[in-house]
file run.cif (mmCIF, C-alpha atoms and all ligand atoms)
data_coords
loop_
_atom_site.label_atom_id
_atom_site.label_comp_id
_atom_site.auth_asym_id
_atom_site.auth_seq_id
_atom_site.Cartn_x
_atom_site.Cartn_y
_atom_site.Cartn_z
CA MET A 1 9.22 9.23 -12.49
CA ALA A 2 8.91 12.58 -14.20
CA PRO A 3 11.14 15.66 -14.46
CA THR A 4 11.80 16.77 -10.84
CA VAL A 5 9.73 13.87 -9.43
CA THR A 6 11.76 11.04 -7.90
CA LEU A 7 10.70 7.64 -6.63
CA MET A 8 12.86 6.24 -3.86
CA GLU A 9 12.57 2.75 -2.44
CA VAL A 10 13.81 2.76 1.14
CA GLU A 11 14.73 -0.30 3.17
CA ALA A 12 12.72 0.18 6.37
CA PRO A 13 11.27 -3.25 7.28
CA ARG A 14 9.49 -2.25 10.48
CA VAL A 15 7.81 0.73 8.84
CA ALA A 16 6.87 -1.43 5.84
CA ARG A 17 5.16 -3.96 8.14
CA LYS A 18 3.03 -1.36 9.91
CA VAL A 19 2.31 1.54 7.56
CA GLN A 20 -1.25 2.04 6.34
CA ALA A 21 -2.76 4.25 3.64
CA GLY A 22 -2.57 7.93 4.56
CA GLN A 23 0.36 7.65 6.97
CA PHE A 24 3.72 9.36 6.55
CA VAL A 25 7.34 9.21 7.68
CA MET A 26 9.72 11.97 8.77
CA ILE A 27 13.03 12.02 6.92
CA ARG A 28 16.41 13.55 7.62
CA VAL A 29 19.01 13.35 4.90
CA ASP A 30 21.89 13.82 7.35
CA GLU A 31 22.47 14.60 11.01
CA SER A 32 22.18 18.36 10.56
CA GLY A 33 19.39 18.21 8.00
CA GLU A 34 15.86 19.54 8.42
CA ARG A 35 13.10 17.05 9.04
CA ILE A 36 10.49 16.74 6.33
CA PRO A 37 7.32 14.65 6.21
CA LEU A 38 6.66 12.38 3.23
CA THR A 39 3.55 10.29 2.70
CA VAL A 40 4.34 6.66 2.05
CA ALA A 41 3.29 5.94 -1.53
CA ASP A 42 3.71 2.18 -1.45
CA LYS A 43 5.12 -0.64 0.64
CA ASP A 44 6.45 -4.14 0.23
CA PRO A 45 6.42 -5.83 3.64
CA ASP A 46 8.03 -8.99 2.21
CA LYS A 47 10.96 -7.05 0.82
CA GLY A 48 10.95 -4.73 3.84
CA THR A 49 10.76 -1.57 1.74
CA ILE A 50 8.62 1.54 1.52
CA THR A 51 8.28 3.79 -1.50
CA LEU A 52 8.64 7.54 -1.21
CA VAL A 53 7.82 9.87 -4.07
CA PHE A 54 8.84 13.50 -3.89
CA GLN A 55 9.29 16.57 -6.01
CA ALA A 56 12.77 18.06 -5.80
CA VAL A 57 11.80 21.67 -5.20
CA GLY A 58 13.39 22.59 -1.87
CA TYR A 59 16.87 22.20 -0.39
CA THR A 60 16.21 18.84 1.29
CA THR A 61 14.26 17.23 -1.53
CA ARG A 62 16.98 18.26 -4.01
CA ARG A 63 19.59 16.63 -1.78
CA MET A 64 17.43 13.51 -1.58
CA ALA A 65 17.15 13.42 -5.37
CA ASP A 66 20.96 13.53 -5.61
CA LEU A 67 21.40 10.38 -3.50
CA GLU A 68 22.66 7.32 -5.34
CA VAL A 69 21.25 3.81 -5.07
CA GLY A 70 22.73 2.19 -1.96
CA GLN A 71 23.20 5.41 0.01
CA ALA A 72 21.35 5.89 3.28
CA LEU A 73 19.15 8.54 4.83
CA ALA A 74 20.06 9.58 8.36
CA ASP A 75 16.55 8.95 9.72
CA VAL A 76 13.27 7.45 8.61
CA LEU A 77 10.77 7.84 11.43
CA GLY A 78 7.32 6.37 11.18
CA PRO A 79 4.71 5.40 10.40
CA LEU A 80 3.20 8.64 11.72
CA GLY A 81 -0.23 10.21 11.58
CA LYS A 82 -3.58 8.52 11.55
CA ALA A 83 -4.31 6.03 8.82
CA THR A 84 -7.13 7.00 6.49
CA GLU A 85 -10.48 5.66 7.61
CA VAL A 86 -11.32 3.33 4.76
CA LYS A 87 -14.92 2.12 4.52
CA LYS A 88 -17.28 0.96 1.87
CA TYR A 89 -18.99 4.15 0.75
CA GLY A 90 -20.08 3.12 -2.74
CA ARG A 91 -18.84 5.40 -5.53
CA VAL A 92 -15.70 7.24 -4.45
CA VAL A 93 -14.19 9.95 -6.61
CA CYS A 94 -10.45 10.41 -6.02
CA VAL A 95 -8.99 13.70 -7.20
CA ALA A 96 -5.22 14.24 -7.25
CA GLY A 97 -2.90 16.87 -8.62
CA GLY A 98 0.87 16.91 -9.14
CA VAL A 99 2.84 14.87 -6.67
CA GLY A 100 -0.46 14.26 -4.82
CA ILE A 101 -0.95 11.44 -7.34
CA ALA A 102 1.71 9.46 -5.46
CA PHE A 103 -0.10 10.00 -2.17
CA ILE A 104 -3.56 9.13 -3.47
CA TYR A 105 -2.35 5.89 -5.05
CA PRO A 106 -2.31 3.85 -1.78
CA GLU A 107 -5.67 5.38 -0.88
CA ILE A 108 -7.18 4.34 -4.19
CA ARG A 109 -5.93 0.82 -3.63
CA ALA A 110 -7.34 0.74 -0.09
CA PHE A 111 -10.74 2.11 -1.18
CA ALA A 112 -10.91 -0.29 -4.13
CA GLU A 113 -9.99 -3.23 -1.87
CA ALA A 114 -12.77 -2.18 0.53
CA GLY A 115 -15.27 -2.75 -2.29
CA ASN A 116 -15.76 0.82 -3.49
CA GLU A 117 -16.14 1.79 -7.12
CA VAL A 118 -13.30 4.26 -7.62
CA ILE A 119 -13.39 7.04 -10.17
CA SER A 120 -10.00 8.75 -10.44
CA ILE A 121 -9.27 12.25 -11.71
CA LEU A 122 -5.56 12.99 -12.14
CA GLY A 123 -4.05 16.31 -13.05
CA ALA A 124 -0.62 17.79 -13.73
CA ARG A 125 0.90 20.79 -15.46
CA SER A 126 1.73 18.63 -18.50
CA LYS A 127 1.66 14.97 -19.50
CA ASP A 128 5.39 14.50 -18.65
CA LEU A 129 4.55 15.19 -15.03
CA LEU A 130 1.94 12.44 -14.76
CA PHE A 131 2.84 9.07 -13.27
CA TYR A 132 1.19 5.98 -11.74
CA VAL A 133 -1.49 6.29 -14.44
CA GLU A 134 -1.32 2.60 -15.35
CA GLU A 135 -1.39 1.47 -11.72
CA ILE A 136 -4.32 3.74 -10.88
CA THR A 137 -6.18 2.73 -14.06
CA ALA A 138 -5.94 -0.92 -12.97
CA LEU A 139 -7.74 -0.07 -9.71
CA SER A 140 -10.32 2.42 -11.02
CA LYS A 141 -13.63 2.09 -12.81
CA GLU A 142 -12.85 5.27 -14.75
CA VAL A 143 -9.80 7.51 -15.00
CA HIS A 144 -10.00 11.12 -16.17
CA ILE A 145 -6.91 13.18 -16.92
CA ALA A 146 -6.47 16.94 -16.99
CA THR A 147 -3.34 18.88 -17.90
CA ASP A 148 -2.81 22.62 -17.57
CA ASP A 149 -1.24 22.79 -21.05
CA GLY A 150 -3.66 20.37 -22.73
CA SER A 151 -0.87 17.88 -23.61
CA LEU A 152 -3.05 14.99 -22.36
CA GLY A 153 -6.69 14.63 -21.46
CA ARG A 154 -8.75 17.69 -20.77
CA HIS A 155 -7.08 21.08 -21.16
CA GLY A 156 -7.62 22.56 -17.72
CA PHE A 157 -7.76 21.55 -14.09
CA VAL A 158 -9.02 18.51 -12.24
CA THR A 159 -11.80 20.68 -10.86
CA ASP A 160 -13.01 21.36 -14.43
CA VAL A 161 -13.32 17.61 -14.94
CA LEU A 162 -15.05 17.08 -11.61
CA ARG A 163 -17.46 19.95 -12.24
CA GLY A 164 -18.31 18.47 -15.66
CA LEU A 165 -19.04 15.08 -14.11
CA LEU A 166 -21.11 16.47 -11.23
CA GLU A 167 -23.07 18.83 -13.46
CA GLY A 168 -23.58 15.97 -15.90
CA GLY A 169 -25.48 14.14 -13.17
CA GLU A 170 -22.84 11.72 -11.91
CA LYS A 171 -23.45 10.77 -8.29
CA TYR A 172 -20.70 10.02 -5.83
CA ASP A 173 -20.86 9.02 -2.19
CA TYR A 174 -17.44 10.24 -1.10
CA CYS A 175 -14.56 12.30 -2.43
CA LEU A 176 -10.86 12.21 -1.66
CA ALA A 177 -8.69 15.14 -2.74
CA ILE A 178 -4.89 15.27 -2.45
CA GLY A 179 -2.59 17.78 -4.06
CA PRO A 180 -1.43 21.39 -3.90
CA ILE A 181 -3.35 23.63 -1.50
CA PRO A 182 -5.12 25.67 -4.24
CA MET A 183 -6.28 22.43 -5.85
CA MET A 184 -7.69 21.03 -2.59
CA LYS A 185 -9.29 24.38 -1.80
CA ALA A 186 -10.98 24.55 -5.22
CA THR A 187 -12.06 20.90 -5.07
CA THR A 188 -13.63 21.23 -1.64
CA ALA A 189 -15.41 24.45 -2.64
CA LEU A 190 -16.91 22.55 -5.57
CA THR A 191 -17.90 19.43 -3.62
CA LYS A 192 -19.51 21.63 -0.99
CA GLU A 193 -21.84 22.98 -3.70
CA PHE A 194 -22.86 19.39 -4.39
CA ASP A 195 -22.99 18.27 -0.78
CA LEU A 196 -20.36 15.64 -1.40
CA PRO A 197 -18.35 14.70 1.73
CA THR A 198 -14.67 15.26 0.98
CA LEU A 199 -11.53 14.12 2.74
CA VAL A 200 -8.26 15.98 2.18
CA SER A 201 -4.72 15.11 3.24
CA LEU A 202 -2.78 18.12 4.53
CA ASP A 203 1.00 18.59 4.47
CA PRO A 204 1.85 21.66 6.53
CA ILE A 205 5.40 22.35 7.69
CA MET A 206 6.30 19.72 10.27
CA VAL A 207 9.22 19.54 12.68
CA ASP A 208 8.86 16.64 15.10
CA GLY A 209 5.87 14.91 13.55
CA THR A 210 4.71 13.68 16.95
CA GLY A 211 2.50 16.49 18.27
CA MET A 212 5.07 18.39 20.33
CA CYS A 213 6.23 21.46 18.40
CA GLY A 214 2.97 22.92 17.10
CA GLY A 215 4.59 23.65 13.72
CA CYS A 216 1.95 21.73 11.81
CA ARG A 217 -1.07 23.43 13.34
CA VAL A 218 -4.04 23.90 11.08
CA THR A 219 -7.49 25.27 11.74
CA VAL A 220 -10.33 22.86 11.16
CA ALA A 221 -13.90 23.86 11.99
CA GLY A 222 -12.47 26.84 13.89
CA GLU A 223 -10.37 24.60 16.14
CA VAL A 224 -6.60 24.20 16.22
CA LYS A 225 -5.48 20.75 15.15
CA PHE A 226 -2.02 19.28 14.73
CA ALA A 227 -1.85 17.63 11.33
CA CYS A 228 0.82 15.15 12.42
CA VAL A 229 -1.25 13.53 15.15
CA ASP A 230 -4.85 14.62 14.48
CA GLY A 231 -4.45 14.14 10.72
CA PRO A 232 -3.12 14.37 8.10
CA ASP A 233 -6.66 13.63 6.87
CA PHE A 234 -9.41 16.13 7.61
CA ASP A 235 -12.89 17.00 6.45
CA GLY A 236 -12.03 19.29 3.53
CA HIS A 237 -15.15 21.41 4.00
CA LEU A 238 -13.92 22.53 7.42
CA VAL A 239 -10.26 23.35 6.69
CA ASP A 240 -8.96 26.93 6.65
CA PHE A 241 -6.90 26.63 3.46
CA ASP A 242 -5.90 30.31 3.37
CA GLU A 243 -4.22 30.06 6.76
CA LEU A 244 -2.54 26.81 5.71
CA ALA A 245 -1.17 28.45 2.53
CA GLN A 246 0.12 31.40 4.53
CA ARG A 247 1.87 29.17 7.08
CA LYS A 248 3.47 27.08 4.32
CA ARG A 249 5.08 30.25 2.95
CA ALA A 250 6.69 31.10 6.32
CA PHE A 251 10.24 30.03 5.38
CA VAL A 252 10.24 30.61 1.62
CA GLU A 253 12.82 33.41 1.85
CA GLU A 254 15.20 31.36 4.03
CA GLU A 255 14.88 28.41 1.68
CA GLN A 256 15.63 30.57 -1.34
CA CYS A 257 18.68 32.04 0.43
CA LEU A 258 19.98 28.56 1.16
CA LEU A 259 19.45 27.39 -2.43
CA GLN A 260 21.28 30.50 -3.67
CA GLN A 261 24.19 29.79 -1.31
CA VAL A 262 24.45 26.24 -2.60
CA ALA A 263 24.29 27.43 -6.23
CA ASP A 264 27.06 29.98 -5.49
CA GLN A 265 29.23 27.30 -3.86
CA ILE A 266 28.80 25.00 -6.87
CA LYS A 267 29.67 27.87 -9.24
CA GLU A 268 32.70 28.82 -7.16
CA GLY A 269 33.86 25.20 -7.13
CA ALA A 270 33.48 24.94 -10.90
CA GLU A 271 35.42 28.18 -11.44
CA GLN A 272 38.26 26.93 -9.24
CA GLY A 273 38.41 23.84 -11.43
FE1 LIG B 1 5.25 19.28 15.53
FE2 LIG B 1 3.06 18.36 14.38
S1 LIG B 1 5.01 18.55 13.52
S2 LIG B 1 3.27 19.20 16.36
#
call {"tool": "encode", "arguments": {"input": "run.cif", "output": "structure tokens"}}
result
Amino acid sequence: MAPTVTLMEVEAPRVARKVQAGQFVMIRVDESGERIPLTVADKDPDKGTITLVFQAVGYTTRRMADLEVGQALADVLGPLGKATEVKKYGRVVCVAGGVGIAFIYPEIRAFAEAGNEVISILGARSKDLLFYVEEITALSKEVHIATDDGSLGRHGFVTDVLRGLLEGGEKYDYCLAIGPIPMMKATTALTKEFDLPTLVSLDPIMVDGTGMCGGCRVTVAGEVKFACVDGPDFDGHLVDFDELAQRKRAFVEEEQCLLQQVADQIKEGAEQG
């Protein structure tokens, strides 16, 4: 879909029949692979497929990106997590950054279908990294774009756009924010200033995805919650984003080591012809 961002359509008829906006699946590429959660970006119950969109940044997502059409994943477990509570709020502003655009797309559709007027704010580092713009435009009353390098839309962040709209007097009844942790943290800090209820979707490290390991614990309103069963959606004004960011960094060194080992093996293989 964009450099490093891959869309994968997966044949999983039973998941496709049941999955709702906001839910995710756990994936394993092979029998010894780690388990990673991925929000379901789209579904086609008639075809029996679900759409997964991911950024190839870690060991597992890079391996997924290398799969060819027709190959299989070892496991696709889901749908997991609670579906987003979709109601008619009125004017709903949906803010997404990076690969979060893929995850907010089904939410935008669900909120639009529930009779809300959706205003979408999409952001990425540059215009090449934006996707689903046409699809989201078709569902939204307005779409605003921000890029870090100014290659499309406003030069800056999604929060700059949202601040401009709120300070300009725009009124919203509900906000949805999905994207990198700093983006969700900044968005919720801003919406708190304006008393705008805000839902975020969290993606902490997950292992089982069914509430047993405690790996996905997050602190919300001072209480421990498990994102896989209590979420992944939470009231953004109550989430401890600093703790979440710290926990997400827990295995960065191990991951880098693994990626280095793989790079060395590839280099060695190339040298041996
Ligand atoms: Fe294990 Fe949530 S992933 S408790």
call {"tool": "closest_residue", "arguments": {"input": "run.cif", "among": "A:Ile108, A:Leu166, A:Val25, A:Leu199", "to": "ligand LIG 1 (chain B)", "atoms": "all atoms listed in the file"}}
result
A:Val25
call {"tool": "residues_near_ligand", "arguments": {"input": "run.cif", "ligand": "ligand LIG 1 (chain B)", "cutoff": "6 Å", "atoms": "only C-alpha atoms and all ligand atoms", "output": "compact mmCIF listing (two decimals) with C-alpha atoms, keeping the file's coordinate frame"}}
result
# COMPACT_ATOMS: atom_id res chain seq x y z
CA MET A 206 6.30 19.72 10.27
CA VAL A 207 9.22 19.54 12.68
CA ASP A 208 8.86 16.64 15.10
CA GLY A 209 5.87 14.91 13.55
CA THR A 210 4.71 13.68 16.95
CA GLY A 211 2.50 16.49 18.27
CA MET A 212 5.07 18.39 20.33
CA CYS A 213 6.23 21.46 18.40
CA GLY A 214 2.97 22.92 17.10
CA GLY A 215 4.59 23.65 13.72
CA CYS A 216 1.95 21.73 11.81
CA PHE A 226 -2.02 19.28 14.73
CA ALA A 227 -1.85 17.63 11.33
CA CYS A 228 0.82 15.15 12.42
call {"tool": "residues_around", "arguments": {"input": "run.cif", "residues": "Gly231 of chain A", "least_positions_apart": "3", "cutoff": "12 Å", "atoms": "only C-alpha atoms", "output": "number ranges by chain"}}
result
A: 22-24, 39, 80-85, 199-204, 209-211, 216-220, 224-228, 234-236, 239
call {"tool": "closest_residue", "arguments": {"input": "run.cif", "among": "A:Val10, A:Leu190, A:Val229, A:Ala114", "to": "Leu67 of chain A", "atoms": "all atoms listed in the file"}}
result
A:Val10
call {"tool": "closest_residue", "arguments": {"input": "run.cif", "among": "A:Glu107, A:Glu68, A:Asp75, A:Asp42", "to": "Ile178 of chain A", "atoms": "all atoms listed in the file"}}
result
A:Glu107
call {"tool": "atom_distance", "arguments": {"input": "run.cif", "atom1": "atom CA of Ala21 of chain A", "atom2": "atom CA of Ala110 of chain A"}}
result
6.9 Å
call {"tool": "atom_distance", "arguments": {"input": "run.cif", "atom1": "atom CA of Lys88 of chain A", "atom2": "atom CA of Cys175 of chain A"}}
result
12.4 Å
call {"tool": "residues_around", "arguments": {"input": "run.cif", "residues": "Phe157 of chain A", "least_positions_apart": "2", "cutoff": "8 Å", "atoms": "only C-alpha atoms", "output": "list of chain:residue names"}}
result
A:Gly123, A:Ala146, A:Thr147, A:Asp148, A:Arg154, A:His155, A:Thr159, A:Asp160, A:Val161
call {"tool": "atom_distance", "arguments": {"input": "run.cif", "atom1": "atom CA of Asp128 of chain A", "atom2": "atom CA of Ala2 of chain A"}}
result
6.0 Å
call {"tool": "closest_residue", "arguments": {"input": "run.cif", "among": "A:Glu142, A:Asp195, A:Ala65, A:Ile205", "to": "Leu7 of chain A", "atoms": "only C-alpha atoms"}}
result
A:Ala65
call {"tool": "residues_around", "arguments": {"input": "run.cif", "residues": "segment 98-103 of chain A", "least_positions_apart": "5", "cutoff": "8 Å", "atoms": "all atoms listed in the file", "output": "list in words"}}
result
Val5, Gly22, Thr39, Val40, Ala41, Val53, Phe54, Gln55, Leu122, Gly123, Ala124, Arg125, Leu129, Leu130, Phe131, Tyr132, Ile178, Gly179 and Pro180 of chain A
call {"tool": "closest_residue", "arguments": {"input": "run.cif", "among": "A:Ile181, A:Val118, A:Leu196, A:Val252", "to": "Tyr105 of chain A", "atoms": "all atoms listed in the file"}}
result
A:Val118
call {"tool": "closest_residue", "arguments": {"input": "run.cif", "among": "A:Asp233, A:Glu117, A:Glu253, A:Glu193", "to": "Lys141 of chain A", "atoms": "only C-alpha atoms"}}
result
A:Glu117
call {"tool": "residues_near_point", "arguments": {"input": "run.cif", "point": "(-12.5, 0.1, -9.8)", "cutoff": "12 Å", "atoms": "only C-alpha atoms", "output": "PyMOL selection string"}}
result
chain A and resi 90-94+108-120+135-143
call {"tool": "axis_aligned_box", "arguments": {"input": "run.cif", "around": "segment 121-138 of chain A", "padding_each_side": "4 Å", "output": "JSON"}}
result
{"center_x": -1.9, "center_y": 9.9, "center_z": -15.2, "size_x": 22.7, "size_y": 29.7, "size_z": 16.6}
call {"tool": "residues_near_point", "arguments": {"input": "run.cif", "point": "(5.8, -3.5, 1.6)", "cutoff": "12 Å", "atoms": "only C-alpha atoms", "output": "ChimeraX atom specification"}}
result
/A:9-21,40-52,106
